[in-house]
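Participant: Data: my_file.cif, mmCIF, C-alpha atoms.
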data_target
loop_
_atom_site.group_PDB
_atom_site.id
_atom_site.type_symbol
_atom_site.label_atom_id
_atom_site.label_comp_id
_atom_site.auth_asym_id
_atom_site.auth_seq_id
_atom_site.Cartn_x
_atom_site.Cartn_y
_atom_site.Cartn_z
ATOM 1 C CA MET O 1 -20.922 -80.760 -48.450
ATOM 2 C CA ASN O 2 -17.939 -79.781 -50.604
ATOM 3 C CA ASP O 3 -19.619 -79.628 -53.995
ATOM 4 C CA LEU O 4 -18.088 -76.198 -54.482
ATOM 5 C CA SER O 5 -14.488 -77.262 -54.317
ATOM 6 C CA ASN O 6 -14.319 -76.601 -58.044
ATOM 7 C CA LYS O 7 -13.281 -72.948 -58.304
ATOM 8 C CA ASN O 8 -15.782 -72.176 -61.032
ATOM 9 C CA GLN O 9 -18.822 -73.415 -59.142
ATOM 10 C CA THR O 10 -21.423 -70.868 -58.117
ATOM 11 C CA ASN O 11 -24.403 -70.820 -55.825
ATOM 12 C CA HIS O 12 -26.772 -68.131 -54.573
ATOM 13 C CA MET O 13 -29.605 -67.446 -52.151
ATOM 14 C CA LYS O 14 -32.066 -64.713 -51.299
ATOM 15 C CA LEU O 15 -33.856 -64.053 -48.029
ATOM 16 C CA GLN O 16 -36.531 -61.497 -47.115
ATOM 17 C CA PHE O 17 -37.986 -60.827 -43.687
ATOM 18 C CA ALA O 18 -39.803 -58.247 -41.551
ATOM 19 C CA SER O 19 -37.653 -55.597 -39.862
ATOM 20 C CA ARG O 20 -38.121 -57.074 -36.393
ATOM 21 C CA SER O 21 -35.214 -57.486 -33.994
ATOM 22 C CA GLU O 22 -36.130 -61.171 -33.445
ATOM 23 C CA ASN O 23 -35.047 -61.763 -37.043
ATOM 24 C CA GLU O 24 -31.424 -60.670 -36.442
ATOM 25 C CA ALA O 25 -30.556 -64.118 -35.059
ATOM 26 C CA PHE O 26 -32.510 -65.833 -37.844
ATOM 27 C CA ALA O 27 -30.616 -63.842 -40.498
ATOM 28 C CA ARG O 28 -27.108 -64.557 -39.203
ATOM 29 C CA VAL O 29 -27.795 -68.256 -38.623
ATOM 30 C CA THR O 30 -29.296 -68.642 -42.112
ATOM 31 C CA VAL O 31 -26.384 -66.923 -43.867
ATOM 32 C CA ALA O 32 -23.910 -68.963 -41.810
ATOM 33 C CA ALA O 33 -25.699 -72.167 -42.854
ATOM 34 C CA PHE O 34 -25.517 -71.136 -46.524
ATOM 35 C CA VAL O 35 -21.786 -70.335 -46.312
ATOM 36 C CA SER O 36 -21.113 -73.645 -44.506
ATOM 37 C CA GLN O 37 -20.850 -75.388 -47.886
ATOM 38 C CA LEU O 38 -17.456 -73.658 -48.261
ATOM 39 C CA ASP O 39 -16.320 -75.416 -45.072
ATOM 40 C CA PRO O 40 -15.326 -72.215 -43.224
ATOM 41 C CA THR O 41 -13.432 -72.170 -39.926
ATOM 42 C CA MET O 42 -15.288 -71.266 -36.716
ATOM 43 C CA ASP O 43 -13.583 -67.859 -36.759
ATOM 44 C CA GLU O 44 -14.745 -67.151 -40.301
ATOM 45 C CA LEU O 45 -18.302 -68.155 -39.397
ATOM 46 C CA THR O 46 -18.248 -65.889 -36.345
ATOM 47 C CA ASP O 47 -17.013 -62.994 -38.508
ATOM 48 C CA LEU O 48 -19.839 -63.565 -40.993
ATOM 49 C CA LYS O 49 -22.484 -63.852 -38.291
ATOM 50 C CA THR O 50 -21.239 -60.634 -36.713
ATOM 51 C CA VAL O 51 -21.310 -58.574 -39.926
ATOM 52 C CA ILE O 52 -24.785 -59.874 -40.841
ATOM 53 C CA SER O 53 -25.976 -58.929 -37.377
ATOM 54 C CA GLU O 54 -24.494 -55.426 -37.792
ATOM 55 C CA ALA O 55 -25.994 -54.823 -41.231
ATOM 56 C CA VAL O 56 -29.466 -56.140 -40.332
ATOM 57 C CA THR O 57 -29.503 -54.193 -37.049
ATOM 58 C CA ASN O 58 -28.606 -51.018 -38.985
ATOM 59 C CA SER O 59 -31.497 -51.581 -41.385
ATOM 60 C CA ILE O 60 -33.944 -52.100 -38.514
ATOM 61 C CA ILE O 61 -32.789 -49.257 -36.264
ATOM 62 C CA HIS O 62 -31.613 -46.641 -38.737
ATOM 63 C CA GLY O 63 -33.338 -47.632 -41.980
ATOM 64 C CA TYR O 64 -36.763 -48.257 -40.507
ATOM 65 C CA ASP O 65 -36.591 -46.510 -37.089
ATOM 66 C CA ASN O 66 -37.632 -49.805 -35.454
ATOM 67 C CA ASN O 67 -40.849 -49.929 -37.464
ATOM 68 C CA PRO O 68 -41.561 -53.675 -37.972
ATOM 69 C CA SER O 69 -43.434 -53.136 -41.254
ATOM 70 C CA GLY O 70 -40.176 -52.670 -43.189
ATOM 71 C CA VAL O 71 -38.560 -55.428 -45.226
ATOM 72 C CA VAL O 72 -34.894 -56.422 -45.081
ATOM 73 C CA THR O 73 -33.437 -58.346 -48.022
ATOM 74 C CA ILE O 74 -30.269 -60.419 -47.902
ATOM 75 C CA SER O 75 -28.786 -62.034 -50.950
ATOM 76 C CA ALA O 76 -25.585 -64.006 -51.046
ATOM 77 C CA GLU O 77 -23.534 -65.419 -53.864
ATOM 78 C CA ILE O 78 -20.723 -67.921 -53.774
ATOM 79 C CA VAL O 79 -18.200 -67.957 -56.585
ATOM 80 C CA GLY O 80 -15.342 -70.368 -56.038
ATOM 81 C CA GLU O 81 -14.004 -69.633 -52.543
ATOM 82 C CA GLU O 82 -15.538 -66.170 -52.269
ATOM 83 C CA VAL O 83 -18.854 -65.159 -50.782
ATOM 84 C CA THR O 84 -20.497 -61.826 -51.597
ATOM 85 C CA ILE O 85 -23.361 -60.683 -49.384
ATOM 86 C CA TYR O 86 -25.835 -57.868 -49.992
ATOM 87 C CA VAL O 87 -28.000 -56.533 -47.168
ATOM 88 C CA SER O 88 -30.554 -53.957 -48.259
ATOM 89 C CA ASP O 89 -33.525 -51.997 -46.994
ATOM 90 C CA GLU O 90 -35.912 -49.456 -48.476
ATOM 91 C CA GLY O 91 -35.744 -47.211 -45.446
ATOM 92 C CA ASN O 92 -34.463 -43.742 -44.551
ATOM 93 C CA GLY O 93 -31.078 -43.956 -46.226
ATOM 94 C CA ILE O 94 -27.956 -42.258 -44.839
ATOM 95 C CA GLU O 95 -27.571 -38.478 -45.146
ATOM 96 C CA ASP O 96 -23.844 -38.271 -44.457
ATOM 97 C CA LEU O 97 -22.000 -41.457 -45.357
ATOM 98 C CA GLU O 98 -18.551 -40.108 -44.435
ATOM 99 C CA MET O 99 -19.787 -39.297 -40.939
ATOM 100 C CA ALA O 100 -21.621 -42.636 -40.574
ATOM 101 C CA ARG O 101 -18.425 -44.560 -41.346
ATOM 102 C CA GLN O 102 -16.379 -42.875 -38.613
ATOM 103 C CA PRO O 103 -15.572 -45.271 -35.746
ATOM 104 C CA LEU O 104 -17.692 -44.549 -32.641
ATOM 105 C CA TYR O 105 -19.987 -42.121 -34.497
ATOM 106 C CA THR O 106 -23.668 -42.823 -33.949
ATOM 107 C CA SER O 107 -26.736 -40.872 -35.016
ATOM 108 C CA LYS O 108 -28.585 -42.379 -32.057
ATOM 109 C CA PRO O 109 -26.451 -41.808 -28.915
ATOM 110 C CA ASP O 110 -29.601 -41.782 -26.753
ATOM 111 C CA MET O 111 -30.186 -45.437 -27.696
ATOM 112 C CA GLU O 112 -26.727 -46.443 -26.462
ATOM 113 C CA ARG O 113 -25.523 -47.446 -29.894
ATOM 114 C CA SER O 114 -21.777 -48.066 -29.873
ATOM 115 C CA GLY O 115 -21.104 -46.553 -33.288
ATOM 116 C CA MET O 116 -19.000 -49.565 -34.244
ATOM 117 C CA GLY O 117 -21.209 -51.255 -36.851
ATOM 118 C CA PHE O 118 -19.482 -50.012 -40.023
ATOM 119 C CA THR O 119 -16.030 -50.331 -38.444
ATOM 120 C CA ILE O 120 -16.711 -53.983 -37.611
ATOM 121 C CA MET O 121 -17.992 -54.733 -41.123
ATOM 122 C CA GLU O 122 -14.927 -53.071 -42.691
ATOM 123 C CA ASN O 123 -12.546 -54.960 -40.411
ATOM 124 C CA PHE O 124 -14.114 -58.406 -40.659
ATOM 125 C CA MET O 125 -14.623 -58.517 -44.428
ATOM 126 C CA ASP O 126 -12.230 -58.267 -47.384
ATOM 127 C CA GLU O 127 -14.420 -55.794 -49.254
ATOM 128 C CA PHE O 128 -17.081 -53.452 -47.907
ATOM 129 C CA GLU O 129 -19.196 -50.934 -49.775
ATOM 130 C CA VAL O 130 -22.233 -48.828 -48.853
ATOM 131 C CA ASN O 131 -24.720 -47.448 -51.333
ATOM 132 C CA SER O 132 -27.363 -45.224 -49.845
ATOM 133 C CA GLU O 133 -29.929 -42.764 -51.063
ATOM 134 C CA PRO O 134 -31.731 -40.597 -48.494
ATOM 135 C CA GLY O 135 -35.408 -41.457 -48.542
ATOM 136 C CA ALA O 136 -34.914 -44.529 -50.729
ATOM 137 C CA GLY O 137 -32.814 -46.989 -48.738
ATOM 138 C CA THR O 138 -29.394 -48.492 -48.171
ATOM 139 C CA THR O 139 -27.539 -51.463 -49.613
ATOM 140 C CA ILE O 140 -24.387 -52.910 -48.081
ATOM 141 C CA ARG O 141 -22.142 -55.096 -50.223
ATOM 142 C CA MET O 142 -19.535 -57.238 -48.483
ATOM 143 C CA LYS O 143 -17.148 -59.849 -49.780
ATOM 144 C CA LYS O 144 -14.944 -62.397 -48.052
ATOM 145 C CA ARG O 145 -12.678 -65.160 -49.236
ATOM 146 C CA ILE O 146 -13.214 -68.325 -47.205
ATOM 147 C CA GLU O 147 -9.865 -69.967 -46.558
ATOM 148 C CA SER O 148 -11.620 -73.241 -45.819
ATOM 149 C CA LYS O 149 -10.538 -75.873 -43.310
ATOM 150 C CA LYS O 150 -9.805 -78.383 -46.035
ATOM 151 C CA ALA O 151 -6.902 -76.199 -47.241
ATOM 152 C CA LEU O 152 -5.115 -77.221 -44.044
ATOM 153 C CA TYR O 153 -5.016 -80.840 -45.140
ATOM 154 C CA ASN O 154 -3.923 -80.383 -48.752
ATOM 155 C CA MET U 28 -34.027 -66.846 -28.883
ATOM 156 C CA ASN U 29 -31.503 -68.487 -26.662
ATOM 157 C CA PHE U 30 -30.332 -65.813 -24.212
ATOM 158 C CA HIS U 31 -30.286 -65.644 -20.449
ATOM 159 C CA VAL U 32 -29.059 -63.247 -17.755
ATOM 160 C CA GLU U 33 -28.076 -64.742 -14.397
ATOM 161 C CA LEU U 34 -27.566 -62.399 -11.445
ATOM 162 C CA GLU U 35 -25.783 -63.274 -8.214
ATOM 163 C CA HIS U 36 -25.155 -60.897 -5.318
ATOM 164 C CA GLN U 37 -21.915 -61.191 -3.420
ATOM 165 C CA ARG U 38 -21.917 -58.454 -0.772
ATOM 166 C CA ASN U 39 -21.817 -55.165 -2.685
ATOM 167 C CA VAL U 40 -20.912 -56.782 -6.000
ATOM 168 C CA LEU U 41 -23.392 -58.047 -8.578
ATOM 169 C CA ILE U 42 -22.058 -60.916 -10.652
ATOM 170 C CA THR U 43 -23.840 -60.840 -14.003
ATOM 171 C CA ARG U 44 -23.505 -63.912 -16.189
ATOM 172 C CA LEU U 45 -24.586 -63.505 -19.805
ATOM 173 C CA LYS U 46 -25.450 -66.763 -21.556
ATOM 174 C CA GLY U 47 -26.232 -67.240 -25.230
ATOM 175 C CA GLU U 48 -26.316 -64.605 -27.970
ATOM 176 C CA LEU U 49 -26.187 -60.883 -27.198
ATOM 177 C CA ASP U 50 -27.447 -58.677 -30.029
ATOM 178 C CA HIS U 51 -29.778 -55.697 -30.509
ATOM 179 C CA HIS U 52 -32.777 -57.877 -29.659
ATOM 180 C CA THR U 53 -31.420 -59.342 -26.411
ATOM 181 C CA ALA U 54 -29.467 -56.233 -25.314
ATOM 182 C CA GLU U 55 -32.707 -54.751 -24.007
ATOM 183 C CA LEU U 56 -33.023 -57.574 -21.460
ATOM 184 C CA VAL U 57 -29.507 -56.860 -20.148
ATOM 185 C CA ARG U 58 -30.260 -53.146 -19.888
ATOM 186 C CA VAL U 59 -33.552 -53.610 -18.013
ATOM 187 C CA GLN U 60 -32.282 -56.261 -15.576
ATOM 188 C CA LEU U 61 -29.014 -54.507 -14.742
ATOM 189 C CA ASP U 62 -30.523 -51.033 -14.427
ATOM 190 C CA GLU U 63 -33.191 -52.353 -12.084
ATOM 191 C CA ALA U 64 -30.579 -54.052 -9.888
ATOM 192 C CA ILE U 65 -28.318 -50.983 -9.889
ATOM 193 C CA GLN U 66 -31.168 -48.541 -9.112
ATOM 194 C CA ARG U 67 -32.397 -50.735 -6.257
ATOM 195 C CA GLY U 68 -29.078 -49.991 -4.585
ATOM 196 C CA GLN U 69 -26.812 -52.038 -2.326
ATOM 197 C CA ILE U 70 -24.583 -52.654 -5.318
ATOM 198 C CA ASN U 71 -21.357 -50.788 -5.860
ATOM 199 C CA HIS U 72 -19.762 -52.888 -8.540
ATOM 200 C CA VAL U 73 -20.618 -55.301 -11.336
ATOM 201 C CA VAL U 74 -18.598 -58.277 -12.556
ATOM 202 C CA LEU U 75 -19.695 -59.111 -16.078
ATOM 203 C CA SER U 76 -18.989 -62.787 -16.604
ATOM 204 C CA LEU U 77 -18.947 -63.791 -20.281
ATOM 205 C CA LYS U 78 -17.848 -67.425 -20.162
ATOM 206 C CA GLU U 79 -21.089 -68.697 -21.712
ATOM 207 C CA LEU U 80 -21.641 -65.799 -24.099
ATOM 208 C CA SER U 81 -21.535 -67.534 -27.473
ATOM 209 C CA PHE U 82 -22.128 -64.476 -29.680
ATOM 210 C CA MET U 83 -21.946 -60.695 -29.374
ATOM 211 C CA ASP U 84 -22.118 -57.784 -31.808
ATOM 212 C CA SER U 85 -21.850 -53.988 -31.478
ATOM 213 C CA SER U 86 -25.243 -53.790 -29.757
ATOM 214 C CA GLY U 87 -23.594 -55.728 -26.919
ATOM 215 C CA LEU U 88 -20.760 -53.197 -26.805
ATOM 216 C CA GLY U 89 -23.365 -50.421 -26.581
ATOM 217 C CA VAL U 90 -25.278 -51.914 -23.675
ATOM 218 C CA ILE U 91 -22.068 -52.768 -21.773
ATOM 219 C CA LEU U 92 -20.684 -49.256 -22.253
ATOM 220 C CA GLY U 93 -24.021 -47.803 -21.107
ATOM 221 C CA ARG U 94 -24.005 -49.803 -17.846
ATOM 222 C CA TYR U 95 -20.326 -48.953 -17.301
ATOM 223 C CA LYS U 96 -21.153 -45.235 -17.483
ATOM 224 C CA LEU U 97 -24.172 -45.603 -15.194
ATOM 225 C CA LEU U 98 -22.094 -47.368 -12.529
ATOM 226 C CA LYS U 99 -19.226 -44.928 -12.879
ATOM 227 C CA GLY U 100 -21.647 -42.040 -12.320
ATOM 228 C CA LYS U 101 -22.568 -43.660 -9.002
ATOM 229 C CA GLY U 102 -18.954 -44.141 -7.993
ATOM 230 C CA GLY U 103 -18.936 -47.876 -8.828
ATOM 231 C CA LYS U 104 -16.975 -50.039 -11.192
ATOM 232 C CA MET U 105 -17.734 -52.573 -13.859
ATOM 233 C CA VAL U 106 -15.172 -55.238 -14.707
ATOM 234 C CA VAL U 107 -15.355 -58.009 -17.276
ATOM 235 C CA CYS U 108 -14.103 -61.592 -17.118
ATOM 236 C CA ASP U 109 -13.874 -64.857 -19.030
ATOM 237 C CA MET U 110 -14.381 -63.506 -22.558
ATOM 238 C CA ASN U 111 -13.880 -65.665 -25.634
ATOM 239 C CA PRO U 112 -11.492 -64.526 -28.437
ATOM 240 C CA ALA U 113 -14.317 -63.166 -30.647
ATOM 241 C CA VAL U 114 -15.699 -60.979 -27.858
ATOM 242 C CA ARG U 115 -12.157 -59.925 -26.950
ATOM 243 C CA ARG U 116 -11.593 -58.764 -30.525
ATOM 244 C CA LEU U 117 -14.677 -56.507 -30.377
ATOM 245 C CA PHE U 118 -13.475 -55.058 -27.086
ATOM 246 C CA GLU U 119 -10.105 -54.311 -28.679
ATOM 247 C CA LEU U 120 -11.608 -52.814 -31.834
ATOM 248 C CA SER U 121 -13.899 -50.479 -29.887
ATOM 249 C CA GLY U 122 -11.349 -49.367 -27.294
ATOM 250 C CA LEU U 123 -13.411 -50.744 -24.374
ATOM 251 C CA PHE U 124 -10.264 -52.566 -23.293
ATOM 252 C CA LYS U 125 -8.654 -49.231 -22.479
ATOM 253 C CA ILE U 126 -11.349 -48.157 -20.025
ATOM 254 C CA MET U 127 -12.484 -51.445 -18.482
ATOM 255 C CA ASN U 128 -10.499 -53.921 -16.394
ATOM 256 C CA VAL U 129 -10.560 -57.421 -17.852
ATOM 257 C CA TYR U 130 -9.888 -60.584 -15.821
ATOM 258 C CA ASP U 131 -9.503 -64.305 -16.574
ATOM 259 C CA SER U 132 -12.120 -65.540 -14.126
ATOM 260 C CA GLU U 133 -14.847 -64.411 -11.724
ATOM 261 C CA HIS U 134 -12.519 -65.153 -8.852
ATOM 262 C CA THR U 135 -9.712 -62.882 -10.062
ATOM 263 C CA ALA U 136 -12.275 -60.208 -10.992
ATOM 264 C CA LEU U 137 -13.714 -60.223 -7.448
ATOM 265 C CA THR U 138 -10.228 -60.141 -5.960
ATOM 266 C CA GLY U 139 -9.337 -57.246 -8.257
ATOM 267 C CA LEU U 140 -12.402 -55.265 -7.175
ATOM 268 C CA GLU U 141 -11.621 -55.665 -3.490
ATOM 269 C CA VAL U 142 -8.153 -54.289 -4.079
ATOM 270 C CA VAL U 143 -9.423 -51.191 -5.858
ATOM 271 C CA SER U 144 -12.530 -50.471 -3.739
#
Would you mind writing the file out in C-alpha cells?
Facilitator:
Amino acid sequence: MNDLSNKNQTNHMKLQFASRSENEAFARVTVAAFVSQLDPTMDELTDLKTVISEAVTNSIIHGYDNNPSGVVTISAEIVGEEVTIYVSDEGNGIEDLEMARQPLYTSKPDMERSGMGFTIMENFMDEFEVNSEPGAGTTIRMKKRIESKKALYN
Amino acid sequence: MNFHVELEHQRNVLITRLKGELDHHTAELVRVQLDEAIQRGQINHVVLSLKELSFMDSSGLGVILGRYKLLKGKGGKMVVCDMNPAVRRLFELSGLFKIMNVYDSEHTALTGLEVVS
C-alpha cells in the first residue's frame, strides 16, 4: 500500500458521474479509497470525505439546480505526501463569489442550506480555491498534506 | 445508502437516533420523518442521539437547524447527545453549539430536558 513513500512518486485519478444526490456517498468513498495509499489517519480521511461531500453537493444543488442530467467531474493527484483535488461542474456558476464564501450565507435559505460548505472546505484543507464563471460552471481546487500514520513510527 | 432514522417516544419527548451517513441525500429522510412526528403533535421536545452517526456534512447541519427552529416555534426544545469528535467540530464551526444544548448521553439529555421544561 505504501508505494508512494518516495516523495517524488505521483499518481492520479479521474471520476465522472451524474449529478444525483445518491452519488455524493459514492464520490467521497471513492476519493477516500484513492487517498488511502498515503496511509492517512482516520481524522484526515473524515476531513477529505467531508470536503468532497460539500463540493459535490454544491455542484448538484447550486450548479445544476438538482437536475440529474448534469455531470460532476472529480480529479485527484498525489505528489509525494500531498493530494490535490478538483471538483468541477458545467452548471450555473457563481455570480458573487465574495458573498458565497461568507460563513452562513446561502443563496437557497428556503432549502434549509446551512451556508457552511465553503467555510468547511477552507477550514479542513490546506489550500482552497474557487474558479467560477456564471453560465459556464465552477471548479474547486483543494490541497492537503497527508501527515500519514507511518510518520508516527519513524 | 446506509442510513437509518430510529424514533422512540418517551412521554412528550421524541428520541431520534440517526444511524449511518447524513448528507444532502439522506437529510431529506430526517426532515420528512421528524416533521411528520412533530406535526402529529404530542411531542414537545426532541433528543437527537448521534452515537451511531458515522458521517455528517453541512447538509446535516442544515436539516438539524431547520428542525430546531420548527420546534422552537412551537415552544419546544431540541437537544443533541452522544456526538463523535468530527460531528462536534462541525457544530463548533457553525455556531450550533451556542444555541443548542449538548449532552453526553440520552439519559443526561432527558434529565436535562425535564429540568428545563
Participant: Show me the residues around (-19.0, -56.0, -13.0) - criterion: an atom at most 9 Å away, only C-alpha atoms counted - as a PyMOL selection string.
Facilitator: chain U and resi 40-43+72-76+95+104-108+136-137+140
Participant: Dump as a PyMOL selection string the residues of chain U that approach chain O to within 12 Å, counting all atoms listed in the file.
Facilitator: chain U and resi 28-30+47-55+58+81-97+111-114+116-123
Participant: Identify which of the residues O:Gln16, O:Ser148, O:Thr10, O:Thr106 lies closest to Ser75 in chain O, counting all atoms listed in the file when measuring atom-to-atom distances.
Facilitator: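 Result for the nearest residue to Ser75 in chain O: O:Gln16.
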Participant: Near Asn71 in chain U, within 10 Å and counting all atoms listed in the file, which residues show up once chain neighbours fewer than 3 positions away are dropped, as a list in words?
Facilitator: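 In the requested format, the answer is Arg38, Asn39, Val40, Leu41, Ile65, Gly68, Leu98, Lys99, Lys101, Gly102, Gly103, Lys104, Met105 and Ser144 of chain U.
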Participant: So what do you get for CA of Glu82 in chain O versus CA of Ile140 in chain O, distance-wise?
Facilitator: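 Interatomic distance here is 16.5 Å.
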Participant: Can you work out which one of O:Val83, O:Ala27, O:Ala32, O:Ile94 has the shortest atom-to-atom distance to Glu147 in chain O, counting all atoms listed in the file?
Facilitator: O:Val83
Participant: Set up a box along x, y and z of the file covering all listed atoms of range 100-113 of chain U, add 4 Å on every one of the six sides, and write the centre and edge lengths in Å to one decimal, as AutoDock Vina command-line options.
Facilitator:
--center_x -17.0 --center_y -53.9 --center_z -19.3 --size_x 19.1 --size_y 31.6 --size_z 30.7
Participant: Rounded to one decimal in Å, what is the spacing between CA of Glu133 in chain O and CA of Asn11 in chain O?
Facilitator: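 Taking CA of Glu133 in chain O as the start and CA of Asn11 in chain O as the end point, the length is 29.0 Å.
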Participant: Report, in Å with one decimal, the straight-line distance from CA of Asp126 in chain O to CA of Tyr86 in chain O.
Facilitator: 13.9 Å
Participant: Between U:His36, U:Met127, U:Glu63, U:Ser132, which is the closest to Leu77 in chain U once you count all atoms listed in the file?
Facilitator: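 Of U:His36, U:Met127, U:Glu63, U:Ser132, the one nearest Leu77 in chain U, counting all atoms listed in the file, is U:Ser132.
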Participant: Skipping near chain neighbours, those fewer than 5 positions away, what residues fall within 8 Å of Ile74 in chain O using only C-alpha atoms, listed as number ranges by chain?
Facilitator: O: 14-16, 85-88
Participant: Would you translate the PyMOL selection byres ((chain O and resi 38) around 7) into the concrete set of residues it matches in this file, as JSON, numbers by chain?
Facilitator: {"O": [2, 4, 35, 36, 37, 39, 40, 81, 146, 148]}
Participant: Write the residues of the selection above to a file with C-alpha atoms, as a PDB file, in the frame of the given file.
Facilitator:
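Now in part02.pdb:
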ATOM      1  CA  ASN O   2     -17.939 -79.781 -50.604  1.00  0.00           C
ATOM      2  CA  LEU O   4     -18.088 -76.198 -54.482  1.00  0.00           C
ATOM      3  CA  VAL O  35     -21.786 -70.335 -46.312  1.00  0.00           C
ATOM      4  CA  SER O  36     -21.113 -73.645 -44.506  1.00  0.00           C
ATOM      5  CA  GLN O  37     -20.850 -75.388 -47.886  1.00  0.00           C
ATOM      6  CA  ASP O  39     -16.320 -75.416 -45.072  1.00  0.00           C
ATOM      7  CA  PRO O  40     -15.326 -72.215 -43.224  1.00  0.00           C
ATOM      8  CA  GLU O  81     -14.004 -69.633 -52.543  1.00  0.00           C
ATOM      9  CA  ILE O 146     -13.214 -68.325 -47.205  1.00  0.00           C
ATOM     10  CA  SER O 148     -11.620 -73.241 -45.819  1.00  0.00           C
TER      11      SER O 148
END
Participant: Taking into account only C-alpha atoms, which residue in the set O:His62, O:Lys144, O:Lys108, O:His12 is nearest to Ser132 in chain O?
Facilitator: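 Ranking O:His62, O:Lys144, O:Lys108, O:His12 by distance to Ser132 in chain O, first place goes to O:His62.
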Participant: Using the chain letters and residue numbers of this document, give as a ChimeraX atom specification the residues selected by the PyMOL selection byres ((chain U and resi 32) around 9).
Facilitator: /U:30-31,33-34,43-47,56-57,60
Participant: Take the selection from the previous step and output its residues with C-alpha atoms, as a PDB file, in the frame of the given file.
Facilitator:
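Writing done, so here's part_15.pdb:
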ATOM      1  CA  PHE U  30     -30.332 -65.813 -24.212  1.00  0.00           C
ATOM      2  CA  HIS U  31     -30.286 -65.644 -20.449  1.00  0.00           C
ATOM      3  CA  GLU U  33     -28.076 -64.742 -14.397  1.00  0.00           C
ATOM      4  CA  LEU U  34     -27.566 -62.399 -11.445  1.00  0.00           C
ATOM      5  CA  THR U  43     -23.840 -60.840 -14.003  1.00  0.00           C
ATOM      6  CA  ARG U  44     -23.505 -63.912 -16.189  1.00  0.00           C
ATOM      7  CA  LEU U  45     -24.586 -63.505 -19.805  1.00  0.00           C
ATOM      8  CA  LYS U  46     -25.450 -66.763 -21.556  1.00  0.00           C
ATOM      9  CA  GLY U  47     -26.232 -67.240 -25.230  1.00  0.00           C
ATOM     10  CA  LEU U  56     -33.023 -57.574 -21.460  1.00  0.00           C
ATOM     11  CA  VAL U  57     -29.507 -56.860 -20.148  1.00  0.00           C
ATOM     12  CA  GLN U  60     -32.282 -56.261 -15.576  1.00  0.00           C
TER      13      GLN U  60
END
Participant: Can you list, as a list of chain:residue names, the residues that the PyMOL selection byres ((chain O and resi 135-137) around 6) selects here?
Facilitator: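 The output of the PyMOL selection byres ((chain O and resi 135-137) around 6) on this file is O:Asp89, O:Glu90, O:Gly91, O:Asn92, O:Gly93, O:Ser132, O:Glu133, O:Pro134, O:Thr138.
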Participant: Choose the residue, out of O:Phe17, O:Asp96, O:Thr139, O:Glu122, that has the smallest atom-to-atom separation from Pro68 in chain O; count only C-alpha atoms.
Facilitator: O:Phe17
